[in-house]
file structure35.cif (mmCIF, C-alpha atoms)
data_structure
loop_
_atom_site.label_atom_id
_atom_site.label_comp_id
_atom_site.auth_asym_id
_atom_site.auth_seq_id
_atom_site.Cartn_x
_atom_site.Cartn_y
_atom_site.Cartn_z
CA MET W 1 16.23 49.30 -37.41
CA ILE W 2 13.63 52.05 -36.96
CA LYS W 3 15.58 53.45 -33.99
CA LEU W 4 18.84 53.40 -35.98
CA ILE W 5 17.20 55.16 -38.94
CA GLU W 6 15.82 57.87 -36.67
CA GLU W 7 19.21 58.37 -35.01
CA THR W 8 21.03 58.71 -38.34
CA THR W 9 18.36 60.96 -39.83
CA GLU W 10 18.40 63.32 -36.82
CA PHE W 11 22.20 63.55 -37.00
CA LEU W 12 22.12 64.51 -40.70
CA GLN W 13 19.30 66.99 -40.20
CA GLU W 14 21.33 68.66 -37.45
CA LYS W 15 24.23 68.86 -39.92
CA GLY W 16 22.01 70.73 -42.40
CA PHE W 17 20.79 67.97 -44.71
CA ASP W 18 17.35 69.60 -45.01
CA ASN W 19 14.51 68.30 -47.20
CA PRO W 20 16.41 66.90 -50.20
CA GLU W 21 14.18 66.25 -53.20
CA ILE W 22 16.28 63.74 -55.14
CA GLY W 23 18.70 61.01 -54.07
CA ILE W 24 21.57 59.93 -56.34
CA ILE W 25 23.83 56.89 -55.95
CA LEU W 26 27.09 57.05 -57.90
CA GLY W 27 28.68 53.73 -58.88
CA THR W 28 32.22 52.51 -59.44
CA GLY W 29 34.40 55.15 -61.09
CA LEU W 30 31.45 57.51 -61.44
CA GLY W 31 32.19 60.57 -59.32
CA GLN W 32 32.38 63.43 -61.82
CA LEU W 33 28.76 64.45 -61.25
CA ILE W 34 29.95 65.98 -57.97
CA ASN W 35 31.68 68.72 -60.00
CA GLU W 36 28.26 69.84 -61.28
CA ILE W 37 26.75 70.27 -57.80
CA GLU W 38 26.63 73.45 -55.75
CA ILE W 39 27.73 71.73 -52.53
CA ILE W 40 26.09 72.93 -49.32
CA LYS W 41 27.22 70.17 -46.94
CA GLU W 42 29.32 67.03 -47.19
CA ILE W 43 30.24 64.40 -44.66
CA SER W 44 32.32 61.22 -44.75
CA TYR W 45 30.44 57.99 -44.19
CA ASN W 46 32.62 57.08 -41.23
CA HIS W 47 31.36 60.20 -39.40
CA ILE W 48 27.67 59.26 -39.82
CA PRO W 49 26.14 57.18 -36.98
CA ASN W 50 25.15 53.64 -38.02
CA PHE W 51 26.47 54.08 -41.59
CA PRO W 52 28.68 51.45 -43.17
CA THR W 53 32.10 52.61 -44.43
CA ALA W 54 33.14 52.26 -48.08
CA THR W 55 36.15 49.94 -48.30
CA VAL W 56 36.68 49.90 -52.09
CA GLU W 57 39.56 52.13 -53.10
CA PHE W 58 37.73 53.83 -56.00
CA HIS W 59 34.64 54.60 -53.91
CA LYS W 60 35.06 57.95 -52.15
CA GLY W 61 32.72 57.37 -49.22
CA LYS W 62 30.99 60.73 -48.84
CA LEU W 63 27.41 61.88 -48.49
CA ILE W 64 26.95 65.19 -50.30
CA TYR W 65 24.05 67.64 -50.05
CA GLY W 66 23.60 70.50 -52.46
CA LYS W 67 21.86 71.95 -55.50
CA LEU W 68 21.81 70.48 -58.99
CA GLU W 69 19.71 72.02 -61.75
CA GLY W 70 17.90 74.05 -59.09
CA LYS W 71 16.88 70.99 -57.07
CA LEU W 72 18.11 69.95 -53.62
CA VAL W 73 19.93 66.64 -53.98
CA ILE W 74 21.64 64.19 -51.67
CA VAL W 75 24.38 62.19 -53.35
CA MET W 76 26.17 59.02 -52.31
CA GLN W 77 29.69 59.34 -53.67
CA GLY W 78 30.47 55.66 -53.36
CA ARG W 79 28.15 52.83 -52.41
CA PHE W 80 28.33 49.60 -50.40
CA HIS W 81 28.49 46.05 -51.72
CA LEU W 82 27.84 42.57 -50.39
CA TYR W 83 31.35 41.57 -51.47
CA GLU W 84 32.79 43.98 -48.88
CA GLY W 85 31.29 41.77 -46.17
CA TYR W 86 28.18 43.85 -45.51
CA SER W 87 24.66 42.51 -45.15
CA LEU W 88 21.90 43.42 -47.58
CA GLN W 89 20.40 45.59 -44.83
CA ASP W 90 23.74 47.46 -44.53
CA VAL W 91 24.01 47.94 -48.29
CA THR W 92 20.53 49.47 -48.52
CA TYR W 93 20.56 51.43 -45.26
CA PRO W 94 21.47 54.72 -47.02
CA VAL W 95 18.40 54.42 -49.27
CA ARG W 96 16.19 54.25 -46.19
CA ILE W 97 18.00 57.28 -44.73
CA MET W 98 17.62 59.36 -47.91
CA HIS W 99 13.92 58.46 -47.99
CA LYS W 100 13.52 59.42 -44.33
CA LEU W 101 15.23 62.75 -45.05
CA GLY W 102 12.57 63.42 -47.66
CA ILE W 103 13.68 62.42 -51.17
CA LYS W 104 10.85 61.78 -53.63
CA THR W 105 12.97 60.26 -56.42
CA LEU W 106 16.07 58.04 -56.57
CA LEU W 107 18.58 57.93 -59.45
CA VAL W 108 21.17 55.15 -59.53
CA SER W 109 24.28 54.56 -61.62
CA ASN W 110 26.69 51.67 -61.90
CA ALA W 111 29.51 50.26 -63.96
CA SER W 112 28.73 46.91 -65.54
CA GLY W 113 29.87 44.40 -68.13
CA ALA W 114 28.03 43.97 -71.41
CA ILE W 115 26.60 40.47 -71.80
CA ASN W 116 24.64 41.50 -74.90
CA LEU W 117 27.40 41.69 -77.50
CA ASP W 118 25.44 44.23 -79.53
CA PHE W 119 26.31 46.61 -76.67
CA LYS W 120 29.85 48.01 -76.62
CA LYS W 121 32.09 49.26 -73.83
CA GLY W 122 31.84 53.00 -73.37
CA GLU W 123 28.10 52.97 -74.09
CA LEU W 124 25.20 53.32 -71.65
CA MET W 125 22.32 51.02 -70.78
CA LEU W 126 19.04 52.12 -69.25
CA ILE W 127 17.97 49.38 -66.85
CA ASP W 128 14.47 48.22 -67.74
CA ASP W 129 14.40 45.14 -65.49
CA HIS W 130 16.77 43.05 -63.42
CA ILE W 131 17.68 39.57 -62.22
CA ASN W 132 18.70 39.16 -58.59
CA LEU W 133 21.52 36.59 -58.33
CA GLN W 134 22.93 37.81 -55.02
CA GLY W 135 21.38 35.01 -53.02
CA GLY W 136 19.17 37.05 -50.71
CA SER W 137 16.78 39.94 -50.23
CA PRO W 138 17.21 43.21 -48.31
CA LEU W 139 13.61 42.73 -47.15
CA ALA W 140 14.22 39.35 -45.51
CA PHE W 141 14.45 40.41 -41.87
CA LYS W 142 12.21 40.41 -38.84
CA GLY W 143 10.05 43.52 -38.58
CA VAL W 144 10.35 44.59 -42.21
CA GLU W 145 6.57 45.12 -42.35
CA GLN W 146 7.02 48.12 -40.02
CA LEU W 147 8.89 49.88 -42.84
CA GLY W 148 6.71 48.89 -45.81
CA SER W 149 4.90 45.98 -47.40
CA ARG W 150 6.71 42.67 -46.80
CA PHE W 151 5.56 41.30 -50.16
CA THR W 152 6.74 44.17 -52.31
CA ASP W 153 5.53 44.15 -55.92
CA MET W 154 8.37 44.06 -58.47
CA SER W 155 6.38 43.84 -61.71
CA ALA W 156 7.78 47.22 -62.80
CA PRO W 157 10.71 48.09 -60.51
CA TYR W 158 12.01 50.95 -62.69
CA ASP W 159 9.82 54.03 -63.12
CA LEU W 160 8.34 54.08 -66.63
CA LYS W 161 7.87 57.86 -66.72
CA MET W 162 11.51 58.54 -65.87
CA ASN W 163 12.76 55.85 -68.25
CA THR W 164 10.70 57.36 -71.07
CA LYS W 165 12.14 60.79 -70.32
CA LEU W 166 15.70 59.41 -70.24
CA GLU W 167 15.22 57.78 -73.65
CA ALA W 168 13.96 61.08 -75.10
CA ILE W 169 16.89 62.98 -73.56
CA ALA W 170 19.30 60.45 -75.09
CA VAL W 171 17.78 60.91 -78.56
CA LYS W 172 17.92 64.70 -78.24
CA ASN W 173 21.62 64.61 -77.27
CA ASN W 174 22.67 61.86 -79.72
CA ILE W 175 23.55 59.53 -76.84
CA ASN W 176 23.52 55.83 -77.66
CA LEU W 177 21.36 54.60 -74.76
CA HIS W 178 20.57 50.90 -74.87
CA LYS W 179 17.76 49.44 -72.81
CA GLY W 180 18.08 46.06 -71.14
CA VAL W 181 18.14 43.67 -68.20
CA TYR W 182 20.78 43.97 -65.48
CA ALA W 183 21.89 40.89 -63.55
CA SER W 184 23.33 41.49 -60.09
CA VAL W 185 25.82 38.93 -58.77
CA LEU W 186 27.67 38.67 -55.47
CA GLY W 187 31.30 39.05 -56.63
CA PRO W 188 33.96 40.20 -56.05
CA GLN W 189 35.44 37.70 -58.51
CA LEU W 190 34.57 38.27 -62.14
CA GLU W 191 32.57 35.69 -64.08
CA THR W 192 33.84 32.56 -65.80
CA ARG W 193 33.15 31.89 -69.48
CA ALA W 194 30.43 29.43 -68.49
CA GLU W 195 28.85 31.98 -66.18
CA TYR W 196 28.74 34.59 -68.95
CA ARG W 197 27.00 32.06 -71.20
CA TYR W 198 24.54 31.29 -68.40
CA LEU W 199 23.79 34.98 -67.87
CA LYS W 200 23.10 35.43 -71.57
CA ASN W 201 20.84 32.37 -71.62
CA ILE W 202 18.68 33.63 -68.74
CA GLY W 203 18.13 37.00 -70.42
CA ALA W 204 20.73 39.35 -68.95
CA ASP W 205 22.11 42.19 -71.10
CA ALA W 206 24.61 43.43 -68.50
CA VAL W 207 26.10 42.18 -65.24
CA GLY W 208 27.37 43.90 -62.10
CA MET W 209 27.68 43.55 -58.33
CA SER W 210 25.33 46.25 -57.05
CA THR W 211 22.11 48.22 -57.64
CA VAL W 212 19.45 45.51 -57.32
CA PRO W 213 19.28 45.63 -53.48
CA GLU W 214 18.83 49.42 -53.59
CA ILE W 215 16.12 49.09 -56.25
CA ILE W 216 14.25 46.52 -54.15
CA VAL W 217 14.30 48.82 -51.10
CA ALA W 218 13.23 51.82 -53.21
CA ASN W 219 10.21 49.82 -54.34
CA HIS W 220 9.58 48.75 -50.74
CA LEU W 221 9.40 52.47 -49.87
CA ASP W 222 7.24 53.36 -52.93
CA LEU W 223 10.14 55.52 -54.12
CA PRO W 224 10.27 56.04 -57.92
CA VAL W 225 13.67 54.97 -59.21
CA ALA W 226 15.64 54.96 -62.46
CA ALA W 227 19.06 53.43 -63.10
CA VAL W 228 21.73 53.71 -65.79
CA SER W 229 24.65 51.36 -66.35
CA VAL W 230 27.93 52.53 -67.83
CA LEU W 231 29.19 49.56 -69.83
CA THR W 232 32.89 49.24 -69.07
CA ASP W 233 33.77 45.93 -70.71
CA GLU W 234 32.45 43.35 -73.16
CA CYS W 235 31.84 39.88 -71.74
CA ASP W 236 32.38 37.63 -74.75
CA PRO W 237 32.98 34.10 -73.43
CA ASP W 238 34.53 33.01 -76.74
CA ASN W 239 37.12 35.80 -76.67
CA LEU W 240 37.56 36.44 -72.96
CA LEU W 241 40.64 38.34 -71.79
CA PRO W 242 41.90 38.67 -68.20
CA VAL W 243 40.16 41.50 -66.35
CA ASN W 244 41.90 44.86 -66.12
CA ILE W 245 40.32 46.86 -63.29
CA GLU W 246 42.27 50.02 -64.18
CA GLU W 247 40.90 49.87 -67.74
CA ILE W 248 37.35 49.36 -66.39
CA ILE W 249 37.64 52.45 -64.18
CA ALA W 250 39.09 54.47 -67.08
CA MET W 251 36.22 53.40 -69.35
CA ALA W 252 33.69 54.40 -66.68
CA LYS W 253 35.23 57.89 -66.48
CA LYS W 254 35.26 58.19 -70.27
CA ALA W 255 31.57 57.32 -70.61
CA GLU W 256 30.38 59.21 -67.52
CA PRO W 257 29.85 62.64 -69.17
CA GLU W 258 26.93 61.22 -71.20
CA MET W 259 25.39 59.79 -68.04
CA ILE W 260 25.73 63.22 -66.40
CA VAL W 261 23.83 64.80 -69.30
CA LEU W 262 21.02 62.25 -68.85
CA PHE W 263 20.76 62.81 -65.09
CA LYS W 264 21.00 66.61 -65.24
CA GLU W 265 18.34 66.96 -67.92
CA LEU W 266 16.07 64.46 -66.16
CA ILE W 267 16.40 66.38 -62.89
CA GLN W 268 15.27 69.55 -64.67
CA THR W 269 11.91 67.82 -65.33
CA LEU W 270 11.35 66.43 -61.83
#
call {"tool": "encode", "arguments": {"input": "structure35.cif", "output": "structure tokens"}}
result
Amino acid sequence: MIKLIEETTEFLQEKGFDNPEIGIILGTGLGQLINEIEIIKEISYNHIPNFPTATVEFHKGKLIYGKLEGKLVIVMQGRFHLYEGYSLQDVTYPVRIMHKLGIKTLLVSNASGAINLDFKKGELMLIDDHINLQGGSPLAFKGVEQLGSRFTDMSAPYDLKMNTKLEAIAVKNNINLHKGVYASVLGPQLETRAEYRYLKNIGADAVGMSTVPEIIVANHLDLPVAAVSVLTDECDPDNLLPVNIEEIIAMAKKAEPEMIVLFKELIQTL
């Protein structure tokens, strides 16, 4: 993997992806932040050596380099998921590349379902902790110790300083920012009523199909990370309606402007 990382990094450096300070991963339906960036370079994933290719129709599949709030950023417009048939190493490969390029901070977003019924669709949740239900680890491969500690500590996977700043920014801007536990499942099928009850019983406040692998690798690399979920639906097992993906995407777009405010104002302080 080290050879692959070096090859990809050299390619991007030759394309002008020079010394980014902050990495950003944009989740399902969350692409409007791109409009705020002074774009210097952009490249499709399928043109980057050793990169996976986004196969989900509402994930754009571009790596973007530019300026946001005066900082050099590298942005993944679209991410990779286990449910697309990729391995956990594939899914997290871009995090290793962004780190190798020089980022010092990682910001992550996703769309998720609200398990905690005090949380409503269209609101945001700051991820304080997570539960990995994806059945594996992105660190479970031969030679991982060459890239970081095999037994990575996960007692505080989300950076407390950034989370504290995000909460203060939310208060200042009258944004209803919940704080809770995110459960990451394999997907792509949505959960049954019994599964939603199970998730609630084990302490999850929201559920999605991403993010946790990237957070694990960020911690493996000693990379401070913060993550925000856009809550796109309410997962009430006693009043469960058939899933409407178009409505979920529309709700993500509706709630995204508040997430953009959080990220932009946080970046000003980094």
call {"tool": "closest_residue", "arguments": {"input": "structure35.cif", "among": "W:Leu4, W:Asp128, W:Leu199, W:Gly102", "to": "W:Leu160", "atoms": "all atoms listed in the file"}}
result
W:Asp128
call {"tool": "residues_around", "arguments": {"input": "structure35.cif", "residues": "W:Gln77", "least_positions_apart": "4", "cutoff": "8 Å", "atoms": "all atoms listed in the file", "output": "PyMOL selection string"}}
result
chain W and resi 25-27+31+34+59-64
call {"tool": "resolve_selection", "arguments": {"input": "structure35.cif", "expression": "the PyMOL selection byres ((chain W and resi 106-117) around 8)", "output": "PyMOL selection string"}}
result
chain W and resi 22-30+103-105+118-121+196+199-200+204-208+210-211+218+223-236+252+263
call {"tool": "resolve_selection", "arguments": {"input": "structure35.cif", "expression": "the PyMOL selection byres ((chain W and resi 138) around 8)", "output": "ChimeraX atom specification"}}
result
/W:88-89,92,136-137,139-141,213,216-217
call {"tool": "residues_around", "arguments": {"input": "structure35.cif", "residues": "stretch 67-74 of chain W", "least_positions_apart": "2", "cutoff": "9 Å", "atoms": "all atoms listed in the file", "output": "PyMOL selection string"}}
result
chain W and resi 17-25+36-40+63-65+76+98+103+264-265+267-268+270
call {"tool": "atom_distance", "arguments": {"input": "structure35.cif", "atom1": "atom CA of W:Leu266", "atom2": "atom CA of W:Tyr182"}}
result
21.0 Å
call {"tool": "build_atoms", "arguments": {"input": "structure35.cif", "residues": "stretch 106-124 of chain W", "atoms": "N, CA and C atoms", "output": "mmCIF file, in the frame of the given file"}}
result
data_model
loop_
_atom_site.group_PDB
_atom_site.id
_atom_site.type_symbol
_atom_site.label_atom_id
_atom_site.label_comp_id
_atom_site.auth_asym_id
_atom_site.auth_seq_id
_atom_site.Cartn_x
_atom_site.Cartn_y
_atom_site.Cartn_z
ATOM 1 N N LEU W 106 14.720 58.590 -56.705
ATOM 2 C CA LEU W 106 16.070 58.040 -56.570
ATOM 3 C C LEU W 106 16.634 57.736 -57.954
ATOM 4 N N LEU W 107 17.854 58.226 -58.211
ATOM 5 C CA LEU W 107 18.580 57.930 -59.450
ATOM 6 C C LEU W 107 19.826 57.126 -59.091
ATOM 7 N N VAL W 108 20.080 56.075 -59.846
ATOM 8 C CA VAL W 108 21.170 55.150 -59.530
ATOM 9 C C VAL W 108 22.047 54.950 -60.760
ATOM 10 N N SER W 109 23.355 54.883 -60.534
ATOM 11 C CA SER W 109 24.280 54.560 -61.620
ATOM 12 C C SER W 109 25.176 53.406 -61.195
ATOM 13 N N ASN W 110 25.703 52.709 -62.178
ATOM 14 C CA ASN W 110 26.690 51.670 -61.900
ATOM 15 C C ASN W 110 27.573 51.439 -63.107
ATOM 16 N N ALA W 111 28.674 50.752 -62.881
ATOM 17 C CA ALA W 111 29.510 50.260 -63.960
ATOM 18 C C ALA W 111 29.225 48.774 -64.108
ATOM 19 N N SER W 112 29.064 48.315 -65.345
ATOM 20 C CA SER W 112 28.730 46.910 -65.540
ATOM 21 C C SER W 112 29.370 46.377 -66.815
ATOM 22 N N GLY W 113 29.343 45.064 -66.944
ATOM 23 C CA GLY W 113 29.870 44.400 -68.130
ATOM 24 C C GLY W 113 28.763 44.065 -69.100
ATOM 25 N N ALA W 114 29.030 44.237 -70.382
ATOM 26 C CA ALA W 114 28.030 43.970 -71.410
ATOM 27 C C ALA W 114 27.978 42.481 -71.737
ATOM 28 N N ILE W 115 26.849 41.854 -71.417
ATOM 29 C CA ILE W 115 26.600 40.470 -71.800
ATOM 30 C C ILE W 115 26.063 40.415 -73.231
ATOM 31 N N ASN W 116 25.176 41.358 -73.543
ATOM 32 C CA ASN W 116 24.640 41.500 -74.900
ATOM 33 C C ASN W 116 25.759 42.056 -75.776
ATOM 34 N N LEU W 117 26.233 41.283 -76.721
ATOM 35 C CA LEU W 117 27.400 41.690 -77.500
ATOM 36 C C LEU W 117 27.077 42.704 -78.585
ATOM 37 N N ASP W 118 25.795 43.085 -78.682
ATOM 38 C CA ASP W 118 25.440 44.230 -79.530
ATOM 39 C C ASP W 118 25.735 45.541 -78.795
ATOM 40 N N PHE W 119 25.957 45.449 -77.481
ATOM 41 C CA PHE W 119 26.310 46.610 -76.670
ATOM 42 C C PHE W 119 27.836 46.659 -76.562
ATOM 43 N N LYS W 120 28.405 47.855 -76.644
ATOM 44 C CA LYS W 120 29.850 48.010 -76.620
ATOM 45 C C LYS W 120 30.316 48.800 -75.403
ATOM 46 N N LYS W 121 31.547 48.529 -74.969
ATOM 47 C CA LYS W 121 32.090 49.260 -73.830
ATOM 48 C C LYS W 121 32.178 50.743 -74.171
ATOM 49 N N GLY W 122 31.890 51.567 -73.153
ATOM 50 C CA GLY W 122 31.840 53.000 -73.370
ATOM 51 C C GLY W 122 30.441 53.510 -73.669
ATOM 52 N N GLU W 123 29.494 52.580 -73.852
ATOM 53 C CA GLU W 123 28.100 52.970 -74.090
ATOM 54 C C GLU W 123 27.307 52.871 -72.779
ATOM 55 N N LEU W 124 26.063 53.320 -72.823
ATOM 56 C CA LEU W 124 25.200 53.320 -71.650
ATOM 57 C C LEU W 124 24.013 52.383 -71.847
#
